[in-house]
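The next block holds one structure in the form of structure tokens; read it before the comments.
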Amino acid sequence: MGQPGRSVNHYRIGEAAALLGVSADTMRRWVDAGRVAAERDEHGHRIIPGEPLAAFARELAKPGAAEAEGRPSSARNRFPGIVTQVVLGDVAAQVEIQAGPFRVVSLISRDSAEELGLVPGAPATAVIKSTNVMIERS
């Protein structure tokens, strides 16, 4: 991203795939099927402009489970995954979820962790509603 000879706003197939959390083969199939626009660079390699890639990423975002079940929610950041660790304290529990390539760690009440049946191997979704999110430029 930002290598000499091409715009910072263009991504190779592998780079775009990594940003979307899919394999390069999946990204190639999406390009071949016309789901996302690609161009050719000066070497004939397919590159994807940043704006169409961002629009495609928005298309991939599906409504959360709560909305699908008729329970509207203001939270938009949902990370379905698998519980990898639960550390129970007297009052609180630290719960780790592996959601694709992302590790999400949450501190919740022990009662909540037990009521939800959160144990390693259980499916779970981290639902994040935050007014304080830091962004780093890659």
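Ligands are numbered from 1 in the order shown, chains are lettered A, B, ... in the order of the structure tokens, and residues start at 1 in each chain.
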List as a CSV table (one decimal) with all heavy atoms, in the first residue's frame the protein and nucleic acid residues near A:Val95, meaning an atom at most 8 Å away when only C-alpha atoms are counted, but skip any in the same chain fewer than 6 places from it.
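out_19.csv written:
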```
chain,number,residue,atom,x,y,z
A,83,VAL,N,-15.3,-18.1,21.8
A,83,VAL,CA,-14.6,-17.8,23.1
A,83,VAL,C,-13.3,-18.6,23.2
A,83,VAL,O,-13.4,-19.9,23.0
A,83,VAL,CB,-15.6,-18.1,24.3
A,83,VAL,CG1,-14.8,-17.9,25.6
A,83,VAL,CG2,-16.8,-17.2,24.2
A,84,THR,N,-12.2,-18.0,23.5
A,84,THR,CA,-11.0,-18.7,23.6
A,84,THR,C,-10.5,-18.8,25.1
A,84,THR,O,-9.7,-19.7,25.4
A,84,THR,CB,-9.9,-18.0,22.8
A,84,THR,OG1,-9.8,-16.6,23.2
A,84,THR,CG2,-10.2,-18.1,21.3
A,85,GLN,N,-10.9,-17.9,25.9
A,85,GLN,CA,-10.5,-17.9,27.3
A,85,GLN,C,-11.5,-17.1,28.2
A,85,GLN,O,-12.0,-16.1,27.8
A,85,GLN,CB,-9.1,-17.3,27.5
A,85,GLN,CG,-8.6,-17.4,28.9
A,85,GLN,CD,-7.2,-16.9,29.0
A,85,GLN,OE1,-6.7,-16.2,28.2
A,85,GLN,NE2,-6.5,-17.3,30.1
A,86,VAL,N,-11.8,-17.6,29.4
A,86,VAL,CA,-12.6,-17.0,30.4
A,86,VAL,C,-11.9,-17.0,31.7
A,86,VAL,O,-11.5,-18.1,32.2
A,86,VAL,CB,-14.0,-17.6,30.5
A,86,VAL,CG1,-14.8,-16.9,31.6
A,86,VAL,CG2,-14.7,-17.6,29.2
A,87,VAL,N,-11.6,-15.9,32.3
A,87,VAL,CA,-11.0,-15.8,33.6
A,87,VAL,C,-12.0,-15.3,34.6
A,87,VAL,O,-12.4,-14.1,34.5
A,87,VAL,CB,-9.7,-15.0,33.6
A,87,VAL,CG1,-9.1,-14.9,35.0
A,87,VAL,CG2,-8.7,-15.5,32.6
A,105,VAL,N,-11.1,-8.6,23.8
A,105,VAL,CA,-11.0,-8.9,25.2
A,105,VAL,C,-12.1,-8.0,25.9
A,105,VAL,O,-12.1,-6.8,25.7
A,105,VAL,CB,-9.6,-8.7,25.8
A,105,VAL,CG1,-9.6,-9.0,27.3
A,105,VAL,CG2,-8.6,-9.5,25.1
A,106,SER,N,-12.9,-8.6,26.7
A,106,SER,CA,-13.9,-7.8,27.4
A,106,SER,C,-13.9,-8.1,28.9
A,106,SER,O,-13.7,-9.3,29.3
A,106,SER,CB,-15.3,-8.1,26.8
A,106,SER,OG,-16.3,-7.4,27.5
A,107,LEU,N,-14.2,-7.1,29.7
A,107,LEU,CA,-14.4,-7.3,31.1
A,107,LEU,C,-15.9,-7.1,31.4
A,107,LEU,O,-16.4,-6.1,31.2
A,107,LEU,CB,-13.5,-6.3,31.9
A,107,LEU,CG,-13.5,-6.4,33.4
A,107,LEU,CD1,-12.8,-7.8,33.8
A,107,LEU,CD2,-12.7,-5.3,34.0
A,108,ILE,N,-16.5,-8.2,31.9
A,108,ILE,CA,-17.9,-8.2,32.2
A,108,ILE,C,-18.1,-8.8,33.6
A,108,ILE,O,-17.2,-9.3,34.2
A,108,ILE,CB,-18.8,-9.0,31.1
A,108,ILE,CG1,-18.4,-10.5,31.2
A,108,ILE,CG2,-18.6,-8.4,29.7
A,108,ILE,CD1,-19.2,-11.3,30.3
A,113,ALA,N,-21.2,-13.6,32.6
A,113,ALA,CA,-20.4,-14.6,31.9
A,113,ALA,C,-21.0,-16.0,32.2
A,113,ALA,O,-21.2,-16.8,31.3
A,113,ALA,CB,-19.0,-14.6,32.4
A,118,LEU,N,-20.5,-18.6,28.9
A,118,LEU,CA,-19.3,-18.3,28.2
A,118,LEU,C,-18.1,-19.2,28.7
A,118,LEU,O,-17.7,-19.0,29.9
A,118,LEU,CB,-18.9,-16.8,28.4
A,118,LEU,CG,-19.9,-15.9,27.8
A,118,LEU,CD1,-19.5,-14.4,28.0
A,118,LEU,CD2,-20.2,-16.1,26.3
```
inquiry  = When DSSP is applied to the backbone of this structure, which of stretch 14-93 of chain A are assigned alpha helix (DSSP H)? Write them out as number ranges by chain.
reply    = A: 14-20, 24-32, 50-60, 65-68
Atom pair atom CA of A:Gly21 / atom CA of A:Phe102: separation (Å) =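 Distance reported for this atom pair: 9.7 Å.
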Nearby residues (only C-alpha atoms) at most 12 Å from A:Glu59, same-chain spacing under 6 positions excluded, as a list in words = Leu20, Arg35, Val36, Pro52 and Leu53 of chain A
Store the residues picked out above in a file with N, CA, C and O atoms, as an mmCIF file, in the first residue's frame.
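Result file again.cif:
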```
data_model
loop_
_atom_site.group_PDB
_atom_site.id
_atom_site.type_symbol
_atom_site.label_atom_id
_atom_site.label_comp_id
_atom_site.auth_asym_id
_atom_site.auth_seq_id
_atom_site.Cartn_x
_atom_site.Cartn_y
_atom_site.Cartn_z
ATOM 1 N N LEU A 20 -10.085 -7.112 3.976
ATOM 2 C CA LEU A 20 -11.450 -7.619 4.142
ATOM 3 C C LEU A 20 -11.505 -8.928 4.918
ATOM 4 O O LEU A 20 -12.586 -9.449 5.192
ATOM 5 N N ARG A 35 -17.955 -8.101 -8.843
ATOM 6 C CA ARG A 35 -18.511 -7.569 -7.583
ATOM 7 C C ARG A 35 -17.731 -6.354 -7.096
ATOM 8 O O ARG A 35 -18.260 -5.520 -6.391
ATOM 9 N N VAL A 36 -16.457 -6.288 -7.447
ATOM 10 C CA VAL A 36 -15.632 -5.131 -7.098
ATOM 11 C C VAL A 36 -14.766 -4.801 -8.316
ATOM 12 O O VAL A 36 -14.258 -5.695 -8.984
ATOM 13 N N PRO A 52 -13.811 2.253 -4.522
ATOM 14 C CA PRO A 52 -14.682 1.100 -4.781
ATOM 15 C C PRO A 52 -14.487 -0.020 -3.773
ATOM 16 O O PRO A 52 -15.440 -0.709 -3.412
ATOM 17 N N LEU A 53 -13.260 -0.202 -3.264
ATOM 18 C CA LEU A 53 -13.026 -1.232 -2.261
ATOM 19 C C LEU A 53 -13.768 -0.875 -0.974
ATOM 20 O O LEU A 53 -14.398 -1.740 -0.354
#
```
message = Please return, as an NGL selection string, all residues of chain A that DSSP assigns to strand (DSSP E or B) on the basis of the backbone.
response = :A and (10-12 or 39-40 or 46-49 or 77-88 or 92-99 or 102-109 or 123-128)
